[in-house]
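Chemist: Just my_file.cif, nothing more (mmCIF, C-alpha atoms):
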```cif
data_start
#
loop_
_atom_site.label_atom_id
_atom_site.label_comp_id
_atom_site.auth_asym_id
_atom_site.auth_seq_id
_atom_site.Cartn_x
_atom_site.Cartn_y
_atom_site.Cartn_z
CA MET A 50 -104.86 -29.98 -15.23
CA GLY A 51 -103.66 -26.56 -15.59
CA THR A 52 -100.37 -25.83 -17.28
CA ARG A 53 -97.55 -24.20 -15.27
CA GLY A 54 -96.09 -20.91 -16.40
CA VAL A 55 -92.48 -20.31 -17.47
CA PRO A 56 -90.36 -19.90 -14.35
CA ALA A 57 -88.61 -16.54 -13.83
CA LEU A 58 -84.99 -16.58 -15.04
CA VAL A 59 -81.99 -14.68 -13.67
CA ASP A 60 -81.41 -11.22 -15.11
CA THR A 61 -79.13 -11.69 -18.10
CA THR A 62 -78.55 -8.08 -18.97
CA PRO A 63 -74.80 -7.63 -19.65
CA ALA A 64 -72.69 -5.63 -17.19
CA LYS A 65 -71.48 -2.23 -18.27
CA THR A 66 -67.81 -1.66 -18.98
CA ILE A 67 -66.43 1.89 -18.79
CA LEU A 68 -62.97 3.49 -19.11
CA VAL A 69 -62.07 5.79 -16.23
CA TYR A 70 -59.29 8.44 -16.33
CA ARG A 71 -57.78 10.35 -13.44
CA ASN A 72 -58.50 14.05 -13.15
CA GLY A 73 -55.57 16.31 -14.12
CA ASP A 74 -53.16 13.45 -14.97
CA PRO A 75 -51.99 13.64 -18.63
CA PHE A 76 -50.02 10.37 -18.33
CA TYR A 77 -52.71 8.11 -16.85
CA VAL A 78 -53.92 5.95 -19.75
CA GLY A 79 -57.21 5.00 -18.11
CA ARG A 80 -58.53 2.00 -16.20
CA ARG A 81 -61.19 -0.34 -17.61
CA VAL A 82 -63.87 -1.02 -14.97
CA VAL A 83 -66.71 -3.59 -15.12
CA LEU A 84 -69.93 -2.59 -13.34
CA PRO A 85 -72.01 -5.64 -12.34
CA ARG A 86 -75.53 -4.92 -11.05
CA ARG A 87 -75.16 -6.85 -7.86
CA ARG A 88 -72.06 -4.97 -6.75
CA ALA A 89 -72.88 -1.50 -8.09
CA ALA A 90 -76.54 -1.30 -7.16
CA THR A 91 -76.33 2.42 -6.25
CA PHE A 92 -74.22 5.35 -7.37
CA GLU A 93 -72.46 5.55 -3.99
CA ALA A 94 -71.49 1.87 -4.29
CA LEU A 95 -70.05 2.66 -7.72
CA LEU A 96 -67.89 5.46 -6.29
CA GLU A 97 -66.55 3.08 -3.63
CA GLN A 98 -65.67 0.52 -6.31
CA LEU A 99 -63.84 3.18 -8.35
CA THR A 100 -61.92 4.30 -5.24
CA GLU A 101 -60.46 0.79 -4.94
CA GLN A 102 -59.43 0.59 -8.59
CA VAL A 103 -58.46 4.16 -9.53
CA PRO A 104 -55.87 5.84 -7.25
CA VAL A 105 -57.35 9.29 -6.58
CA PRO A 106 -56.30 11.44 -3.59
CA PHE A 107 -58.94 11.24 -0.81
CA GLY A 108 -61.04 8.80 -2.88
CA VAL A 109 -63.38 9.17 -5.88
CA ARG A 110 -66.23 11.59 -5.14
CA ARG A 111 -67.29 12.76 -8.63
CA LEU A 112 -67.49 11.56 -12.23
CA PHE A 113 -67.21 13.86 -15.25
CA THR A 114 -67.43 13.49 -18.99
CA PRO A 115 -63.95 13.78 -20.58
CA THR A 116 -64.72 16.36 -23.28
CA ARG A 117 -66.97 18.98 -21.67
CA GLY A 118 -66.59 18.12 -18.00
CA ARG A 119 -70.28 17.56 -17.20
CA PRO A 120 -70.94 15.74 -13.91
CA VAL A 121 -72.57 12.29 -13.87
CA LEU A 122 -75.07 11.94 -11.00
CA GLU A 123 -76.74 8.51 -11.50
CA LEU A 124 -76.13 5.00 -12.80
CA ALA A 125 -78.57 5.34 -15.64
CA ALA A 126 -76.47 8.10 -17.19
CA LEU A 127 -73.51 5.75 -17.63
CA GLN A 128 -73.19 4.24 -21.10
CA ALA A 129 -71.55 0.91 -21.86
CA GLY A 130 -68.09 1.52 -23.31
CA GLY A 131 -68.15 5.15 -22.29
CA LYS A 132 -65.18 7.21 -21.03
CA TYR A 133 -65.28 9.20 -17.81
CA VAL A 134 -62.99 11.15 -15.50
CA ALA A 135 -62.81 10.30 -11.78
CA ALA A 136 -62.12 13.19 -9.40
CA GLY A 137 -62.17 13.99 -5.70
CA ARG A 138 -63.37 17.26 -4.18
CA GLU A 139 -61.39 19.36 -6.67
CA ARG A 140 -62.72 20.92 -9.85
CA PHE A 141 -62.60 19.33 -13.26
CA GLN A 142 -59.33 19.95 -15.12
CA LYS A 143 -59.73 20.11 -18.86
CA LEU A 144 -57.27 17.87 -20.74
CA ASP A 145 -57.29 15.77 -23.87
CA TYR A 146 -58.10 12.56 -21.99
CA ILE A 147 -59.37 10.63 -24.99
CA HIS A 148 -56.08 10.81 -26.90
CA ILE A 149 -53.81 9.80 -24.01
CA VAL A 150 -51.64 7.04 -25.46
CA PRO A 151 -49.57 4.68 -23.31
CA ARG A 152 -45.85 5.31 -23.62
CA LYS A 153 -43.86 2.60 -25.28
CA PRO A 154 -40.93 1.25 -23.28
CA ALA A 155 -37.57 2.50 -24.50
CA LYS A 156 -35.67 -0.06 -26.50
CA MET A 157 -32.45 -1.29 -24.95
CA ARG A 158 -29.56 -0.46 -27.16
CA LYS A 159 -27.28 -3.39 -27.72
CA LEU A 160 -23.57 -2.81 -27.25
CA LYS A 161 -22.12 -3.61 -30.61
CA GLU A 162 -18.51 -4.60 -30.97
CA ILE A 163 -16.45 -1.92 -32.69
CA LYS A 164 -14.96 -3.53 -35.74
CA PRO A 165 -11.42 -2.66 -36.84
CA VAL A 166 -10.75 -0.66 -39.97
CA VAL A 167 -10.56 -2.33 -43.34
CA HIS A 168 -6.78 -2.22 -43.80
CA CYS A 169 -6.16 -3.92 -40.42
CA ASP A 170 -5.98 -7.72 -40.44
CA ILE A 171 -6.06 -8.14 -36.64
CA LYS A 172 -9.55 -9.00 -35.42
CA VAL A 173 -9.74 -7.89 -31.82
CA PRO A 174 -12.46 -6.21 -29.76
CA SER A 175 -12.31 -2.51 -28.99
CA ARG A 176 -10.02 -1.16 -26.23
CA TRP A 177 -12.95 0.06 -24.14
CA GLN A 178 -14.73 -3.28 -24.29
CA THR A 179 -11.56 -5.19 -23.52
CA TYR A 180 -10.75 -3.17 -20.41
CA HIS A 181 -14.19 -2.86 -18.90
CA ARG A 182 -16.41 -5.59 -20.28
CA THR A 183 -14.39 -8.80 -20.43
CA SER A 184 -12.34 -10.87 -18.02
CA ARG A 185 -8.59 -11.56 -18.26
CA HIS A 186 -6.85 -14.88 -18.84
CA ILE A 187 -3.25 -14.53 -17.66
CA HIS A 188 -0.34 -16.88 -16.87
CA VAL A 189 1.72 -16.12 -13.77
CA PHE A 190 5.23 -17.33 -12.81
CA THR A 191 6.62 -17.36 -9.26
CA ASN A 192 9.49 -14.93 -8.69
CA GLY A 193 12.87 -16.68 -8.66
CA ARG A 194 11.43 -20.17 -9.32
CA LEU A 195 12.14 -20.89 -12.93
CA PHE A 196 11.34 -24.61 -12.81
CA ILE A 197 7.78 -24.10 -11.54
CA PRO A 198 5.43 -23.87 -14.56
CA PRO A 199 3.19 -20.80 -14.90
CA THR A 200 -0.30 -20.91 -13.39
CA LYS A 201 -3.31 -19.95 -15.50
CA ILE A 202 -5.60 -17.51 -13.69
CA ILE A 203 -8.95 -16.10 -14.82
CA ILE A 204 -9.70 -12.66 -13.39
CA PRO A 205 -13.40 -11.69 -13.72
CA LYS A 206 -14.38 -8.26 -14.93
CA PHE A 207 -15.86 -7.12 -11.59
CA SER A 208 -12.45 -7.65 -9.89
CA LEU A 209 -10.59 -5.44 -12.37
CA THR A 210 -11.80 -2.25 -10.72
CA GLU A 211 -9.51 -2.73 -7.68
CA TRP A 212 -5.84 -3.68 -8.01
CA ASN A 213 -5.69 -5.21 -4.51
CA SER A 214 -8.46 -7.67 -5.36
CA VAL A 215 -6.51 -8.71 -8.48
CA LEU A 216 -3.39 -9.40 -6.38
CA ALA A 217 -5.50 -11.32 -3.86
CA MET A 218 -6.91 -13.59 -6.58
CA ILE A 219 -3.40 -14.26 -7.90
CA GLY A 220 -2.23 -15.02 -4.35
CA GLU A 221 -4.78 -17.86 -4.10
CA LYS A 222 -2.91 -19.89 -6.74
CA VAL A 223 0.65 -18.51 -6.69
CA PHE A 224 2.64 -18.66 -3.45
CA PRO A 225 5.78 -16.47 -3.34
CA LEU A 226 7.46 -15.56 -0.04
CA GLY A 227 5.24 -13.16 1.91
CA GLY A 228 2.27 -13.46 -0.45
CA VAL A 229 1.66 -11.66 -3.72
CA ARG A 230 2.48 -7.97 -3.28
CA LYS A 231 3.85 -7.08 -6.74
CA LEU A 232 3.28 -8.14 -10.32
CA PHE A 233 5.95 -7.79 -13.01
CA THR A 234 6.29 -8.51 -16.67
CA MET A 235 8.83 -11.13 -17.67
CA ASN A 236 11.44 -8.45 -18.37
CA GLY A 237 11.02 -6.78 -14.92
CA HIS A 238 8.51 -3.98 -15.58
CA LEU A 239 6.36 -3.32 -12.47
CA LEU A 240 2.56 -3.14 -12.95
CA ASP A 241 0.43 -0.94 -10.70
CA ASN A 242 -2.96 -0.95 -12.42
CA SER A 243 -5.35 -3.50 -13.88
CA LYS A 244 -5.47 -1.53 -17.14
CA ASP A 245 -1.96 -2.74 -17.92
CA LEU A 246 -3.06 -6.38 -17.85
CA GLN A 247 -3.41 -7.97 -21.27
CA ASP A 248 -5.25 -11.12 -22.14
CA GLN A 249 -3.20 -14.33 -22.64
CA HIS A 250 0.03 -12.69 -21.43
CA PHE A 251 2.67 -13.95 -19.00
CA TYR A 252 3.61 -12.21 -15.72
CA VAL A 253 5.77 -12.80 -12.63
CA ALA A 254 4.29 -12.57 -9.10
CA ALA A 255 6.57 -11.48 -6.26
CA GLY A 256 6.32 -10.67 -2.57
CA LEU A 257 8.26 -7.94 -0.78
CA GLU A 258 11.54 -8.98 -2.41
CA SER A 259 12.86 -7.39 -5.59
CA PHE A 260 12.42 -8.85 -9.04
CA LYS A 261 14.81 -11.67 -9.94
CA TYR A 262 15.97 -11.56 -13.54
CA PHE A 263 15.63 -15.07 -14.93
CA PRO A 264 14.79 -16.21 -18.49
CA TYR A 265 11.17 -17.03 -17.70
CA TRP A 266 10.28 -16.94 -21.40
CA LYS A 267 12.42 -20.04 -22.02
CA SER A 268 9.87 -22.19 -20.20
CA PRO A 269 8.31 -24.87 -22.46
CA ASN A 270 4.83 -23.62 -21.49
CA VAL A 271 5.46 -20.25 -23.15
CA PRO A 272 4.49 -20.06 -26.85
CA SER A 273 7.28 -19.81 -29.39
CA GLU A 274 6.15 -16.36 -30.53
CA VAL A 275 6.51 -14.95 -27.02
CA GLN A 276 9.89 -16.65 -26.60
CA GLN A 277 11.17 -15.10 -29.83
CA LYS A 278 9.89 -11.67 -28.81
CA TYR A 279 11.69 -11.64 -25.46
CA ALA A 280 14.84 -13.17 -26.98
CA ASP A 281 15.01 -10.26 -29.44
CA ILE A 282 14.54 -7.79 -26.58
CA GLU A 283 17.41 -9.39 -24.65
CA LYS A 284 19.72 -9.30 -27.69
CA HIS A 285 18.94 -5.63 -28.25
CA SER A 286 19.70 -4.76 -24.61
CA ARG A 287 23.04 -6.62 -24.73
CA ARG A 288 24.02 -4.88 -27.94
CA LYS A 289 23.18 -1.51 -26.42
CA LYS A 290 25.31 -2.24 -23.35
CA LYS A 291 28.30 -3.14 -25.56
CA GLU A 292 27.95 0.09 -27.52
CA ASP A 293 27.78 2.12 -24.32
CA SER A 294 30.87 0.40 -22.92
CA LYS A 295 32.82 1.07 -26.13
CA GLY A 296 31.85 4.73 -26.07
CA LYS A 297 33.43 5.25 -22.65
CA GLU A 298 37.25 5.44 -23.07
CA PRO A 299 39.58 4.95 -20.05
CA PRO A 300 41.60 8.00 -18.89
CA LYS A 301 45.01 8.39 -20.55
CA HIS A 302 48.22 8.92 -18.54
CA ASP A 303 51.03 9.92 -20.94
CA ASN A 304 53.72 10.86 -18.42
CA ILE A 305 53.39 7.70 -16.25
CA PRO A 306 54.67 4.32 -17.48
CA PRO A 307 52.12 1.48 -17.76
CA ARG A 308 53.81 -0.58 -15.05
CA ALA A 309 53.43 2.26 -12.59
CA GLN A 310 49.75 2.58 -13.53
CA ASP A 311 49.09 -1.11 -12.81
CA SER A 312 50.85 -0.94 -9.44
CA VAL A 313 48.70 -1.00 -6.35
CA PHE A 314 50.78 1.85 -4.85
CA TYR A 315 49.94 4.20 -7.69
CA ALA A 316 47.30 6.77 -6.78
CA LYS A 317 45.05 7.14 -9.81
CA GLY A 318 43.09 10.08 -8.49
CA GLN A 319 43.82 12.79 -5.98
CA LYS A 320 41.04 14.11 -3.84
CA LYS A 321 41.06 17.68 -2.74
CA THR A 322 41.00 18.09 1.00
CA LEU A 323 38.36 20.39 2.34
CA VAL A 324 40.37 21.23 5.52
CA GLU A 325 42.74 24.16 4.96
CA PRO A 326 46.20 24.12 6.64
CA LEU A 327 46.45 26.01 9.92
CA ILE A 328 47.85 29.50 9.39
CA GLN A 329 50.41 30.55 11.94
CA GLY A 330 49.56 33.71 13.81
CA GLY A 331 51.61 36.06 15.90
CA ALA A 332 55.17 37.30 15.54
CA GLU A 333 56.80 34.08 16.71
CA GLY A 334 54.50 31.76 14.76
CA ASP A 335 52.59 30.44 17.78
CA VAL A 336 49.00 29.49 16.90
CA TYR A 337 47.80 30.28 20.44
CA LYS A 338 49.00 33.89 20.37
CA ALA A 339 46.69 36.60 19.16
CA GLN A 340 47.64 38.38 16.00
CA THR A 341 46.74 41.77 17.47
CA PRO A 342 47.74 42.45 21.13
CA ASN A 343 45.15 43.53 23.67
CA THR A 344 45.30 47.25 24.49
CA GLU A 345 44.16 46.71 28.11
CA THR A 346 47.20 44.57 29.04
CA GLN A 347 49.84 46.84 27.48
CA GLY A 348 52.33 48.27 30.02
CA VAL A 349 51.31 45.89 32.85
CA PRO A 350 54.35 44.27 34.64
CA GLU A 351 54.58 40.50 34.35
CA VAL A 352 54.40 38.63 37.69
CA THR A 353 56.96 35.82 38.01
CA GLU A 354 56.26 32.63 39.90
CA ASP A 355 57.64 32.12 43.42
CA GLN A 356 60.21 29.34 43.93
CA TYR A 357 58.36 28.00 47.00
CA VAL A 358 55.11 27.54 45.19
CA GLN A 359 54.34 23.84 45.02
CA VAL A 360 53.12 22.70 41.64
CA GLU A 361 51.28 19.41 41.21
CA VAL A 362 52.68 17.54 38.29
CA PRO A 363 50.57 14.85 36.54
CA LEU A 364 51.59 11.23 37.11
CA ASP A 365 52.73 10.70 33.55
CA GLN A 366 55.15 13.67 33.88
CA ARG A 367 56.74 12.70 37.24
CA PRO A 368 60.24 11.08 37.28
CA ALA A 369 60.32 7.31 37.61
CA GLU A 370 61.11 5.78 41.04
CA ILE A 371 63.04 2.55 41.62
CA VAL A 372 60.84 0.07 43.47
CA LYS A 373 62.62 -2.68 45.43
CA GLU A 374 61.35 -6.23 45.31
CA VAL A 375 60.01 -8.10 48.35
CA GLU A 376 63.05 -10.40 48.75
CA GLU A 377 65.44 -7.45 48.92
CA ILE A 378 63.34 -5.84 51.62
CA HIS A 379 63.50 -9.00 53.78
CA ASP A 380 67.31 -9.23 53.34
CA ASP A 381 67.93 -5.64 54.37
CA ALA A 382 65.65 -5.82 57.43
CA PRO A 383 67.41 -6.58 60.86
CA ASP A 384 67.19 -10.13 62.26
CA PHE A 385 65.25 -9.54 65.47
CA GLU A 386 64.92 -13.22 66.38
CA SER A 387 68.70 -13.97 66.35
CA ASN A 388 69.49 -10.91 68.52
CA LYS A 389 66.90 -11.98 71.06
CA GLU A 390 68.43 -15.47 71.37
CA LYS A 391 71.92 -14.00 71.93
CA GLU A 392 70.60 -11.72 74.64
CA ASP A 393 68.86 -14.64 76.41
CA GLU A 394 72.10 -16.68 76.42
CA ARG A 395 74.06 -13.77 77.93
CA LEU A 396 71.52 -13.36 80.73
CA TYR A 397 71.63 -17.09 81.46
CA GLU A 398 75.42 -17.09 81.81
CA ASP A 399 75.31 -14.11 84.19
CA ASN A 400 72.84 -15.89 86.46
CA GLU A 401 74.98 -19.05 86.67
CA GLY A 402 78.05 -17.05 87.66
CA LYS A 403 76.22 -15.39 90.51
CA MET A 404 74.96 -18.73 91.83
CA THR A 405 78.47 -20.31 91.94
CA TRP A 406 79.84 -17.31 93.82
CA GLU A 407 77.20 -17.50 96.53
CA TRP A 408 77.39 -21.29 97.35
CA LYS A 409 81.15 -21.67 97.28
CA PRO A 410 82.31 -23.47 100.56
CA VAL A 411 84.80 -21.88 102.90
CA GLU A 412 88.12 -23.66 103.40
#
```
How would this structure read if it were set down as structure tokens?

Modeler:
Amino acid sequence: MGTRGVPALVDTTPAKTILVYRNGDPFYVGRRVVLPRRRAATFEALLEQLTEQVPVPFGVRRLFTPTRGRPVLELAALQAGGKYVAAGRERFQKLDYIHIVPRKPAKMRKLKEIKPVVHCDIKVPSRWQTYHRTSRHIHVFTNGRLFIPPTKIIIPKFSLTEWNSVLAMIGEKVFPLGGVRKLFTMNGHLLDNSKDLQDQHFYVAAGLESFKYFPYWKSPNVPSEVQQKYADIEKHSRRKKKEDSKGKEPPKHDNIPPRAQDSVFYAKGQKKTLVEPLIQGGAEGDVYKAQTPNTETQGVPEVTEDQYVQVEVPLDQRPAEIVKEVEEIHDDAPDFESNKEKEDERLYEDNEGKMTWEWKPVE
């Protein structure tokens, strides 16, 4: 029997790996491309593969060496691990492709908290960070309702940019008349900006009505330190009012006895009238006569009124007339009915006399 030969094995030659740059781009760090034999059997197939992997305008049409710019025309000229420049129809642009280094991403700077100075014992964050980077925890009273405890409200930092959104968030938990339209401090100072809000402070929410001065700081939910602070402020304001009232002395009246001053009929102040008294004009003092006579009417004879001219006098200037009552009018009027009866009786008697004279018998 004859022996069989060794069967033919698959080609085990390793695929070439090259680094391809982009022509004229100093920031392109290069693309590593693997060239298997089955896929890149010809040079044209290699250019099509590079077009898919390296973004070159109008596709990859040429390959150059990176240092001298010599064109590569066949697959055999490619070396494993070599570096090449892919280009289109344009000319080779000479750059230092080999030393192009990928840029490192910029490091994000961390916002560090600004520490207070050494001689300060208060450990608080910086003013900028407090106003723009953190939320607010505030306690809000209802205006005029002293027995309602304050409501704790957390206002997030993104709502601090608009004052209306801050008032809307407070209005979700505090319910004054007409909704929350104003925000005051406990001593009545009006706030109009979110920058005035301080963390862990107490405020009073109001609607359209004015602020009602009540001792909100005396609530048991307010810390003792805040109560003492506002109590001192109230004492100082009262003391100042007393000093101002003592500085103003009442007006002195030396010539008038004290009983006359206390009387309600005593005029303490006289006001000057702005209306001047009417100055009499003319020779006879008549205010309707002109002070200087008219030159056109001088020497003209005065026409007197005729006695037969009838003048209509107003009703209020006519003499009063005596008006008789209704009963008097009936008494004075003639009695027409009684006269008629008397006349009828007289006619009846005359007729009877005539009749007796006519029928009298003859003797």

Chemist: Which one is closest to Ile67 (chain A): A:Lys201, A:Arg80, A:Arg288, A:Arg119? Count only C-alpha atoms.

Modeler: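 Checking each of A:Lys201, A:Arg80, A:Arg288, A:Arg119 against Ile67 (chain A), counting only C-alpha atoms, the winner is A:Arg80.
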
Chemist: Please write as a list in words the full residue list that the PyMOL selection byres ((chain A and resi 110) around 7) yields on this file.

Modeler: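 On the file shown, the PyMOL selection byres ((chain A and resi 110) around 7) covers Leu96, Gly108, Val109, Arg111, Ala136, Gly137 and Arg138 of chain A.
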
Chemist: Tell me which protein, DNA and RNA residues are within 12 Å of Lys261 (chain A), counting all atoms listed in the file, leaving out same-chain ones fewer than 5 positions away, and put them as a list in words.

Modeler: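 Skipping anything fewer than 5 positions along the chain leaves Phe190, Thr191, Asn192, Gly193, Arg194, Leu195, Phe233, Thr234, Met235, Asn236, Gly237, His238, Val253, Ala254, Ala255 and Gly256 of chain A.
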
Chemist: For a test of reading the model, state the distance in Å between CA of Arg117 (chain A) and CA of Ile147 (chain A), rounded to one decimal.

Modeler: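 Separating CA of Arg117 (chain A) from CA of Ile147 (chain A) is a distance of 11.8 Å.
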
Chemist: Suppose you want the space between CA of Gly130 (chain A) and CA of Val69 (chain A); what is it in Å?

Modeler: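 CA of Gly130 (chain A) sits 10.2 Å away from CA of Val69 (chain A).
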
Chemist: Rank nothing, just name the residue among A:Phe141, A:Lys291, A:Gly228, A:Trp212 nearest to Asp245 (chain A), using only C-alpha atoms.

Modeler: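 With only C-alpha atoms as the atom set, the closest residue is A:Trp212.
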
Chemist: Name the residues that the PyMOL selection byres ((chain A and resi 200) around 9) picks from the file above, as a list in words, using the file's chain letters and numbers.

Modeler: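 Applied to this file, the PyMOL selection byres ((chain A and resi 200) around 9) returns Ile187, His188, Val189, Phe190, Thr191, Ile197, Pro198, Pro199, Lys201, Ile202, Lys222 and Val223 of chain A.
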
Chemist: What is the distance between CA of Thr114 (chain A) and CA of Lys132 (chain A), in Å to one decimal?

Modeler: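 It comes out at 7.0 Å.
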
Chemist: Output the residue selection produced by the PyMOL selection byres ((chain A and resi 227) around 10) on the file above, formatted as an NGL selection string.

Modeler: :A and (220 or 224-226 or 228-230 or 255-258)

Chemist: Considering only C-alpha atoms, can you say which of A:Val349, A:Ile282, A:Ala369, A:Leu68 comes closest to Tyr146 (chain A)?

Modeler: A:Leu68

Chemist: Using all atoms listed in the file, which of the listed residues (A:Val352, A:Leu84, A:Ala280, A:Leu99) sits closest to Gln128 (chain A)?

Modeler: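 Of all the options, A:Leu84 lies closest to Gln128 (chain A).
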
Chemist: Would you pick out the contacts of Gln142 (chain A) at 12 Å or less, using all atoms listed in the file, so that residues sharing its chain but fewer than 6 positions from it are not included, and give the list as a count of residues only?

Modeler: 16

Chemist: Taking all atoms of region 278-294 of chain A that the file lists and extending 8 Å past them on each side, where is the centre of the axis-aligned box and how long are its edges? Answer in Å to one decimal, as AutoDock Vina command-line options.

Modeler:
```
--center_x 20.4 --center_y -5.5 --center_z -26.2 --size_x 37.0 --size_y 31.3 --size_z 22.5
```

Chemist: From the options A:Val358, A:Val121, A:Leu246, A:Val82, which residue's atoms come nearest to Thr183 (chain A), counting only C-alpha atoms?

Modeler: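 Under the stated criterion, the closest residue is A:Leu246.
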
Chemist: I need the residue nearest Lys244 (chain A) from this list: A:Ser286, A:Ser184, A:Gln98, A:Ser273. Use all atoms listed in the file for the distance.

Modeler: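 Closest to Lys244 (chain A), using all atoms listed in the file: A:Ser184.
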